[in-house]
Amino acid sequence: MPETSTTADPWEYCLYIPNDPRAVTISRRTLRLILTMHGLIRLVDTAELLAAELVSNAVRHTKGPAALRVRWSAGVLRIGAWDADPAPPEPPVPLERVVDLEEGRGLALVKAYADLWGWQPLAREGNRGKVVWCELAAA
């Protein structure tokens with residue numbers, strides 16, 4: 001039975017994905033399973049939306065592999081998408097300006113639904129690129 005306590009020990013998962021649009025669905029389903037098994041059902045819907053937007057951007061706007069990173073610590077869920085492109089993401093457009101658009105809503109949705117979000121460049125252990133991340137508090 002999944003643990004339901006929010007004071008459980010910290011954990012982290014990383015799913016490496018190819019540059020393939022199907023990776024978005026695989027990432028969402030993997031995230032749903034991770035959160036369900038850790039008793040965090042109440043975060044699943046929002047977390048899936050946020051992860052799908054982050055992974056979709058990584059796959060759509062870069063040419064290399066990517067990764068979904070999920071970490072739970074101190075009552076906060078951090079979802080990140082790594083990609084090999086060190087260029088910063090485009091700043092989010094205000095949500096009210098992108099409501100009717102087919103594209104370009106990703107980071108606006110992340111900004112609207114996450115408690116906190118950001119990005120950071122990476123250049124360690126020979127890896128380059130960036131991580132775009134967001135956080136959801138359990139409360």
# chains A, B, ... in the order shown; residues from 1 in each chain; ligands from 1
>>> select_by_dssp(residues="chain A", states="helix (DSSP H, G or I)", output="tab-separated table (two decimals) with all heavy atoms, in the first residue's frame")
chain	number	residue	atom	x	y	z
A	22	ARG	N	6.49	11.08	-28.41
A	22	ARG	CA	5.86	10.07	-27.55
A	22	ARG	C	6.41	10.10	-26.14
A	22	ARG	O	5.78	9.61	-25.19
A	22	ARG	CB	6.04	8.68	-28.16
A	22	ARG	CG	5.30	8.52	-29.49
A	22	ARG	CD	5.64	7.23	-30.14
A	22	ARG	NE	7.02	7.33	-30.65
A	22	ARG	CZ	7.54	6.53	-31.56
A	22	ARG	NH1	6.82	5.56	-32.08
A	22	ARG	NH2	8.77	6.68	-31.97
A	23	ALA	N	7.58	10.70	-25.97
A	23	ALA	CA	8.19	10.78	-24.65
A	23	ALA	C	7.35	11.60	-23.67
A	23	ALA	O	7.42	11.38	-22.46
A	23	ALA	CB	9.60	11.37	-24.76
A	24	VAL	N	6.54	12.52	-24.18
A	24	VAL	CA	5.69	13.33	-23.31
A	24	VAL	C	4.67	12.44	-22.61
A	24	VAL	O	4.50	12.51	-21.39
A	24	VAL	CB	5.00	14.46	-24.10
A	24	VAL	CG1	4.07	15.25	-23.21
A	24	VAL	CG2	6.05	15.38	-24.74
A	25	THR	N	4.00	11.58	-23.36
A	25	THR	CA	3.02	10.66	-22.77
A	25	THR	C	3.68	9.68	-21.82
A	25	THR	O	3.17	9.42	-20.73
A	25	THR	CB	2.27	9.90	-23.89
A	25	THR	OG1	1.62	10.86	-24.72
A	25	THR	CG2	1.26	8.94	-23.31
A	26	ILE	N	4.82	9.17	-22.20
A	26	ILE	CA	5.55	8.23	-21.34
A	26	ILE	C	5.94	8.92	-20.03
A	26	ILE	O	5.81	8.34	-18.95
A	26	ILE	CB	6.77	7.66	-22.09
A	26	ILE	CG1	6.30	6.75	-23.22
A	26	ILE	CG2	7.71	6.93	-21.14
A	26	ILE	CD1	7.36	6.37	-24.22
A	27	SER	N	6.38	10.16	-20.12
A	27	SER	CA	6.76	10.91	-18.92
A	27	SER	C	5.56	11.14	-18.01
A	27	SER	O	5.65	10.98	-16.79
A	27	SER	CB	7.38	12.25	-19.31
A	27	SER	OG	8.57	12.05	-20.01
A	28	ARG	N	4.43	11.52	-18.59
A	28	ARG	CA	3.22	11.76	-17.79
A	28	ARG	C	2.79	10.50	-17.05
A	28	ARG	O	2.46	10.54	-15.87
A	28	ARG	CB	2.07	12.23	-18.68
A	28	ARG	CG	2.19	13.64	-19.13
A	28	ARG	CD	1.02	14.03	-19.97
A	28	ARG	NE	-0.15	14.11	-19.11
A	28	ARG	CZ	-1.24	14.80	-19.41
A	28	ARG	NH1	-1.32	15.43	-20.55
A	28	ARG	NH2	-2.25	14.83	-18.58
A	29	ARG	N	2.76	9.40	-17.77
A	29	ARG	CA	2.31	8.14	-17.15
A	29	ARG	C	3.29	7.66	-16.09
A	29	ARG	O	2.88	7.13	-15.05
A	29	ARG	CB	2.08	7.09	-18.22
A	29	ARG	CG	0.88	7.43	-19.08
A	29	ARG	CD	0.57	6.40	-20.10
A	29	ARG	NE	-0.62	6.81	-20.85
A	29	ARG	CZ	-1.02	6.23	-21.95
A	29	ARG	NH1	-0.35	5.21	-22.44
A	29	ARG	NH2	-2.11	6.66	-22.55
A	30	THR	N	4.57	7.85	-16.33
A	30	THR	CA	5.58	7.47	-15.34
A	30	THR	C	5.42	8.33	-14.08
A	30	THR	O	5.46	7.82	-12.96
A	30	THR	CB	6.99	7.61	-15.93
A	30	THR	OG1	7.10	6.77	-17.08
A	30	THR	CG2	8.05	7.23	-14.91
A	31	LEU	N	5.23	9.62	-14.27
A	31	LEU	CA	5.04	10.52	-13.13
A	31	LEU	C	3.79	10.13	-12.34
A	31	LEU	O	3.82	10.10	-11.11
A	31	LEU	CB	4.93	11.97	-13.61
A	31	LEU	CG	4.65	13.00	-12.52
A	31	LEU	CD1	5.77	13.04	-11.49
A	31	LEU	CD2	4.44	14.37	-13.15
A	32	ARG	N	2.70	9.82	-13.03
A	32	ARG	CA	1.47	9.39	-12.34
A	32	ARG	C	1.74	8.17	-11.47
A	32	ARG	O	1.30	8.10	-10.32
A	32	ARG	CB	0.37	9.09	-13.36
A	32	ARG	CG	-0.91	8.56	-12.70
A	32	ARG	CD	-2.04	8.41	-13.70
A	32	ARG	NE	-2.62	9.69	-14.05
A	32	ARG	CZ	-3.59	10.28	-13.35
A	32	ARG	NH1	-4.08	9.71	-12.26
A	32	ARG	NH2	-4.08	11.43	-13.72
A	33	LEU	N	2.46	7.21	-11.99
A	33	LEU	CA	2.78	5.99	-11.23
A	33	LEU	C	3.65	6.32	-10.02
A	33	LEU	O	3.39	5.84	-8.92
A	33	LEU	CB	3.46	4.97	-12.14
A	33	LEU	CG	3.83	3.65	-11.48
A	33	LEU	CD1	2.61	2.94	-10.92
A	33	LEU	CD2	4.55	2.76	-12.48
A	34	ILE	N	4.67	7.14	-10.22
A	34	ILE	CA	5.55	7.52	-9.10
A	34	ILE	C	4.75	8.17	-7.98
A	34	ILE	O	4.85	7.78	-6.82
A	34	ILE	CB	6.66	8.47	-9.59
A	34	ILE	CG1	7.65	7.74	-10.49
A	34	ILE	CG2	7.39	9.11	-8.40
A	34	ILE	CD1	8.60	8.67	-11.25
A	35	LEU	N	3.92	9.16	-8.33
A	35	LEU	CA	3.17	9.87	-7.30
A	35	LEU	C	2.13	8.98	-6.64
A	35	LEU	O	1.92	9.07	-5.43
A	35	LEU	CB	2.51	11.11	-7.91
A	35	LEU	CG	3.48	12.19	-8.41
A	35	LEU	CD1	2.73	13.36	-9.01
A	35	LEU	CD2	4.44	12.64	-7.33
A	36	THR	N	1.50	8.11	-7.41
A	36	THR	CA	0.53	7.18	-6.84
A	36	THR	C	1.20	6.24	-5.84
A	36	THR	O	0.70	6.04	-4.73
A	36	THR	CB	-0.16	6.37	-7.95
A	36	THR	OG1	-0.83	7.29	-8.82
A	36	THR	CG2	-1.16	5.38	-7.39
A	37	MET	N	2.34	5.71	-6.21
A	37	MET	CA	3.04	4.77	-5.34
A	37	MET	C	3.57	5.44	-4.07
A	37	MET	O	3.75	4.79	-3.05
A	37	MET	CB	4.19	4.08	-6.09
A	37	MET	CG	3.69	3.19	-7.22
A	37	MET	SD	2.47	1.96	-6.73
A	37	MET	CE	3.40	0.97	-5.59
A	41	ILE	N	-1.46	11.24	-4.50
A	41	ILE	CA	-2.53	11.29	-5.50
A	41	ILE	C	-3.05	12.71	-5.69
A	41	ILE	O	-3.35	13.12	-6.80
A	41	ILE	CB	-3.69	10.35	-5.08
A	41	ILE	CG1	-3.23	8.91	-5.09
A	41	ILE	CG2	-4.91	10.54	-5.96
A	41	ILE	CD1	-3.11	8.29	-6.44
A	42	ARG	N	-3.15	13.48	-4.62
A	42	ARG	CA	-3.73	14.83	-4.71
A	42	ARG	C	-2.91	15.76	-5.60
A	42	ARG	O	-3.42	16.79	-6.06
A	42	ARG	CB	-3.89	15.43	-3.33
A	42	ARG	CG	-2.58	15.67	-2.61
A	42	ARG	CD	-2.78	15.93	-1.13
A	42	ARG	NE	-1.54	16.03	-0.40
A	42	ARG	CZ	-0.78	15.01	-0.04
A	42	ARG	NH1	-1.12	13.78	-0.36
A	42	ARG	NH2	0.33	15.19	0.64
A	43	LEU	N	-1.65	15.41	-5.89
A	43	LEU	CA	-0.81	16.25	-6.74
A	43	LEU	C	-0.77	15.78	-8.19
A	43	LEU	O	-0.22	16.49	-9.04
A	43	LEU	CB	0.62	16.27	-6.19
A	43	LEU	CG	0.82	16.86	-4.80
A	43	LEU	CD1	2.29	16.79	-4.41
A	43	LEU	CD2	0.32	18.29	-4.74
A	44	VAL	N	-1.35	14.61	-8.47
A	44	VAL	CA	-1.16	13.99	-9.78
A	44	VAL	C	-1.62	14.86	-10.94
A	44	VAL	O	-0.87	15.07	-11.90
A	44	VAL	CB	-1.84	12.60	-9.84
A	44	VAL	CG1	-1.92	12.07	-11.26
A	44	VAL	CG2	-1.09	11.60	-8.97
A	45	ASP	N	-2.83	15.37	-10.92
A	45	ASP	CA	-3.35	16.09	-12.08
A	45	ASP	C	-2.52	17.33	-12.41
A	45	ASP	O	-2.13	17.54	-13.56
A	45	ASP	CB	-4.82	16.48	-11.87
A	45	ASP	CG	-5.74	15.28	-11.85
A	45	ASP	OD1	-5.38	14.23	-12.45
A	45	ASP	OD2	-6.83	15.38	-11.26
A	46	THR	N	-2.24	18.13	-11.41
A	46	THR	CA	-1.44	19.33	-11.65
A	46	THR	C	-0.02	18.97	-12.05
A	46	THR	O	0.55	19.56	-12.97
A	46	THR	CB	-1.45	20.24	-10.41
A	46	THR	OG1	-2.79	20.55	-10.07
A	46	THR	CG2	-0.67	21.52	-10.66
A	47	ALA	N	0.56	17.99	-11.37
A	47	ALA	CA	1.93	17.58	-11.68
A	47	ALA	C	2.03	17.04	-13.10
A	47	ALA	O	3.01	17.33	-13.81
A	47	ALA	CB	2.40	16.52	-10.67
A	48	GLU	N	1.04	16.28	-13.54
A	48	GLU	CA	1.05	15.77	-14.92
A	48	GLU	C	1.01	16.91	-15.93
A	48	GLU	O	1.74	16.89	-16.92
A	48	GLU	CB	-0.15	14.87	-15.17
A	48	GLU	CG	0.06	13.43	-14.83
A	48	GLU	CD	-1.08	12.57	-15.32
A	48	GLU	OE1	-2.25	12.92	-15.11
A	48	GLU	OE2	-0.78	11.53	-15.94
A	49	LEU	N	0.17	17.89	-15.70
A	49	LEU	CA	0.09	19.04	-16.60
A	49	LEU	C	1.44	19.75	-16.67
A	49	LEU	O	1.95	20.03	-17.77
A	49	LEU	CB	-0.99	20.01	-16.12
A	49	LEU	CG	-1.02	21.37	-16.84
A	49	LEU	CD1	-1.49	21.20	-18.27
A	49	LEU	CD2	-1.91	22.35	-16.08
A	50	LEU	N	2.03	20.02	-15.53
A	50	LEU	CA	3.30	20.73	-15.49
A	50	LEU	C	4.42	19.93	-16.13
A	50	LEU	O	5.20	20.47	-16.93
A	50	LEU	CB	3.65	21.09	-14.04
A	50	LEU	CG	2.67	22.03	-13.35
A	50	LEU	CD1	3.02	22.18	-11.88
A	50	LEU	CD2	2.61	23.37	-14.04
A	51	ALA	N	4.50	18.65	-15.83
A	51	ALA	CA	5.54	17.80	-16.43
A	51	ALA	C	5.38	17.72	-17.94
A	51	ALA	O	6.36	17.77	-18.68
A	51	ALA	CB	5.51	16.41	-15.81
A	52	ALA	N	4.14	17.59	-18.40
A	52	ALA	CA	3.90	17.51	-19.85
A	52	ALA	C	4.37	18.78	-20.55
A	52	ALA	O	4.97	18.72	-21.63
A	52	ALA	CB	2.42	17.26	-20.12
A	53	GLU	N	4.12	19.92	-19.95
A	53	GLU	CA	4.56	21.18	-20.56
A	53	GLU	C	6.08	21.28	-20.58
A	53	GLU	O	6.67	21.67	-21.59
A	53	GLU	CB	3.95	22.38	-19.83
A	53	GLU	CG	2.45	22.49	-19.93
A	53	GLU	CD	1.93	22.61	-21.35
A	53	GLU	OE1	2.68	23.04	-22.26
A	53	GLU	OE2	0.76	22.28	-21.58
A	54	LEU	N	6.73	20.93	-19.48
A	54	LEU	CA	8.19	21.01	-19.41
A	54	LEU	C	8.85	20.03	-20.37
A	54	LEU	O	9.78	20.39	-21.11
A	54	LEU	CB	8.67	20.76	-17.98
A	54	LEU	CG	8.24	21.79	-16.93
A	54	LEU	CD1	8.75	21.37	-15.56
A	54	LEU	CD2	8.72	23.19	-17.28
A	55	VAL	N	8.39	18.79	-20.39
A	55	VAL	CA	8.98	17.78	-21.27
A	55	VAL	C	8.68	18.10	-22.74
A	55	VAL	O	9.53	17.94	-23.60
A	55	VAL	CB	8.50	16.36	-20.89
A	55	VAL	CG1	8.93	15.33	-21.92
A	55	VAL	CG2	9.04	15.98	-19.52
A	56	SER	N	7.47	18.56	-22.99
A	56	SER	CA	7.11	18.94	-24.37
A	56	SER	C	8.04	20.02	-24.90
A	56	SER	O	8.51	19.95	-26.03
A	56	SER	CB	5.66	19.42	-24.39
A	56	SER	OG	5.31	19.84	-25.68
A	57	ASN	N	8.33	21.03	-24.08
A	57	ASN	CA	9.27	22.07	-24.49
A	57	ASN	C	10.66	21.50	-24.75
A	57	ASN	O	11.31	21.87	-25.73
A	57	ASN	CB	9.36	23.17	-23.43
A	57	ASN	CG	8.16	24.09	-23.45
A	57	ASN	OD1	7.36	24.08	-24.37
A	57	ASN	ND2	8.05	24.90	-22.42
A	58	ALA	N	11.12	20.61	-23.89
A	58	ALA	CA	12.44	20.01	-24.06
A	58	ALA	C	12.52	19.22	-25.36
A	58	ALA	O	13.53	19.27	-26.07
A	58	ALA	CB	12.78	19.12	-22.86
A	59	VAL	N	11.47	18.49	-25.69
A	59	VAL	CA	11.46	17.67	-26.90
A	59	VAL	C	11.25	18.53	-28.15
A	59	VAL	O	11.90	18.33	-29.17
A	59	VAL	CB	10.39	16.56	-26.79
A	59	VAL	CG1	10.18	15.85	-28.10
A	59	VAL	CG2	10.77	15.57	-25.70
A	60	ARG	N	10.34	19.47	-28.05
A	60	ARG	CA	9.98	20.28	-29.22
A	60	ARG	C	11.07	21.28	-29.61
A	60	ARG	O	11.32	21.50	-30.80
A	60	ARG	CB	8.69	21.03	-28.95
A	60	ARG	CG	8.31	21.97	-30.09
A	60	ARG	CD	7.04	22.68	-29.81
A	60	ARG	NE	5.95	21.73	-30.02
A	60	ARG	CZ	4.72	21.91	-29.60
A	60	ARG	NH1	4.42	22.98	-28.92
A	60	ARG	NH2	3.80	21.03	-29.84
A	61	HIS	N	11.73	21.88	-28.65
A	61	HIS	CA	12.63	23.00	-28.94
A	61	HIS	C	14.10	22.64	-28.93
A	61	HIS	O	14.94	23.54	-29.06
A	61	HIS	CB	12.36	24.15	-27.97
A	61	HIS	CG	10.96	24.68	-28.06
A	61	HIS	ND1	10.47	25.30	-29.19
A	61	HIS	CD2	9.94	24.64	-27.18
A	61	HIS	CE1	9.22	25.65	-28.98
A	61	HIS	NE2	8.87	25.25	-27.77
A	95	LEU	N	-0.82	34.55	-19.25
A	95	LEU	CA	-1.80	33.52	-19.59
A	95	LEU	C	-2.99	34.09	-20.34
A	95	LEU	O	-3.49	33.47	-21.28
A	95	LEU	CB	-2.26	32.80	-18.32
A	95	LEU	CG	-2.96	31.47	-18.49
A	95	LEU	CD1	-2.13	30.49	-19.31
A	95	LEU	CD2	-3.30	30.86	-17.16
A	96	GLU	N	-3.45	35.26	-19.98
A	96	GLU	CA	-4.63	35.82	-20.66
A	96	GLU	C	-4.35	36.14	-22.13
A	96	GLU	O	-5.27	36.22	-22.93
A	96	GLU	CB	-5.16	37.07	-19.94
A	96	GLU	CG	-4.17	38.19	-19.75
A	96	GLU	CD	-3.28	38.05	-18.51
A	96	GLU	OE1	-3.42	37.07	-17.76
A	96	GLU	OE2	-2.43	38.92	-18.31
A	97	ARG	N	-3.08	36.28	-22.53
A	97	ARG	CA	-2.74	36.55	-23.92
A	97	ARG	C	-2.57	35.29	-24.75
A	97	ARG	O	-2.50	35.37	-25.97
A	97	ARG	CB	-1.46	37.38	-24.00
A	97	ARG	CG	-1.69	38.79	-23.50
A	97	ARG	CD	-0.60	39.78	-23.80
A	97	ARG	NE	0.46	39.37	-24.66
A	97	ARG	CZ	1.73	39.76	-24.51
A	97	ARG	NH1	2.05	40.57	-23.54
A	97	ARG	NH2	2.66	39.34	-25.33
A	98	VAL	N	-2.48	34.12	-24.12
A	98	VAL	CA	-2.24	32.89	-24.87
A	98	VAL	C	-3.41	31.91	-24.82
A	98	VAL	O	-3.32	30.81	-25.35
A	98	VAL	CB	-0.96	32.17	-24.38
A	98	VAL	CG1	0.26	33.02	-24.63
A	98	VAL	CG2	-1.08	31.76	-22.93
A	106	GLY	N	2.89	26.84	-22.84
A	106	GLY	CA	3.59	25.98	-21.89
A	106	GLY	C	4.07	26.64	-20.62
A	106	GLY	O	3.63	26.30	-19.52
A	107	LEU	N	4.99	27.57	-20.74
A	107	LEU	CA	5.52	28.20	-19.53
A	107	LEU	C	4.52	29.13	-18.86
A	107	LEU	O	4.59	29.35	-17.66
A	107	LEU	CB	6.83	28.93	-19.83
A	107	LEU	CG	8.02	28.00	-20.06
A	107	LEU	CD1	9.28	28.82	-20.34
A	107	LEU	CD2	8.25	27.08	-18.89
A	108	ALA	N	3.55	29.64	-19.62
A	108	ALA	CA	2.49	30.44	-18.99
A	108	ALA	C	1.67	29.56	-18.06
A	108	ALA	O	1.30	29.97	-16.96
A	108	ALA	CB	1.60	31.08	-20.06
A	109	LEU	N	1.38	28.32	-18.48
A	109	LEU	CA	0.67	27.37	-17.62
A	109	LEU	C	1.51	26.98	-16.41
A	109	LEU	O	1.01	26.90	-15.29
A	109	LEU	CB	0.26	26.12	-18.40
A	109	LEU	CG	-0.87	26.30	-19.40
A	109	LEU	CD1	-1.02	25.05	-20.26
A	109	LEU	CD2	-2.16	26.62	-18.68
A	110	VAL	N	2.79	26.75	-16.65
A	110	VAL	CA	3.69	26.40	-15.54
A	110	VAL	C	3.70	27.53	-14.52
A	110	VAL	O	3.56	27.30	-13.32
A	110	VAL	CB	5.11	26.08	-16.06
A	110	VAL	CG1	6.09	25.95	-14.90
A	110	VAL	CG2	5.10	24.81	-16.91
A	111	LYS	N	3.85	28.76	-14.99
A	111	LYS	CA	3.88	29.91	-14.08
A	111	LYS	C	2.56	30.05	-13.32
A	111	LYS	O	2.54	30.39	-12.14
A	111	LYS	CB	4.16	31.18	-14.88
A	111	LYS	CG	4.28	32.42	-14.03
A	111	LYS	CD	4.60	33.63	-14.88
A	111	LYS	CE	4.65	34.88	-14.03
A	111	LYS	NZ	4.84	36.08	-14.84
A	112	ALA	N	1.44	29.77	-13.99
A	112	ALA	CA	0.13	29.92	-13.37
A	112	ALA	C	-0.17	28.84	-12.33
A	112	ALA	O	-0.79	29.12	-11.30
A	112	ALA	CB	-0.96	29.92	-14.44
A	113	TYR	N	0.27	27.60	-12.57
A	113	TYR	CA	-0.13	26.49	-11.70
A	113	TYR	C	0.93	26.07	-10.69
A	113	TYR	O	0.59	25.46	-9.68
A	113	TYR	CB	-0.53	25.28	-12.54
A	113	TYR	CG	-1.88	25.45	-13.17
A	113	TYR	CD1	-2.01	25.93	-14.47
A	113	TYR	CD2	-3.04	25.17	-12.46
A	113	TYR	CE1	-3.26	26.11	-15.04
A	113	TYR	CE2	-4.28	25.34	-13.01
A	113	TYR	CZ	-4.39	25.81	-14.31
A	113	TYR	OH	-5.62	25.99	-14.87
>>> residues_around(residues="Trp117 in chain A", least_positions_apart="2", cutoff="9 Å", atoms="only C-alpha atoms", output="list of chain:residue names")
A:Val110, A:Lys111, A:Ala114, A:Asp115, A:Trp119, A:Val132, A:Trp133, A:Cys134, A:Glu135
>>> residues_around(residues="Tyr16 in chain A", least_positions_apart="2", cutoff="9 Å", atoms="only C-alpha atoms", output="ChimeraX atom specification")
/A:14,18,65-69,82
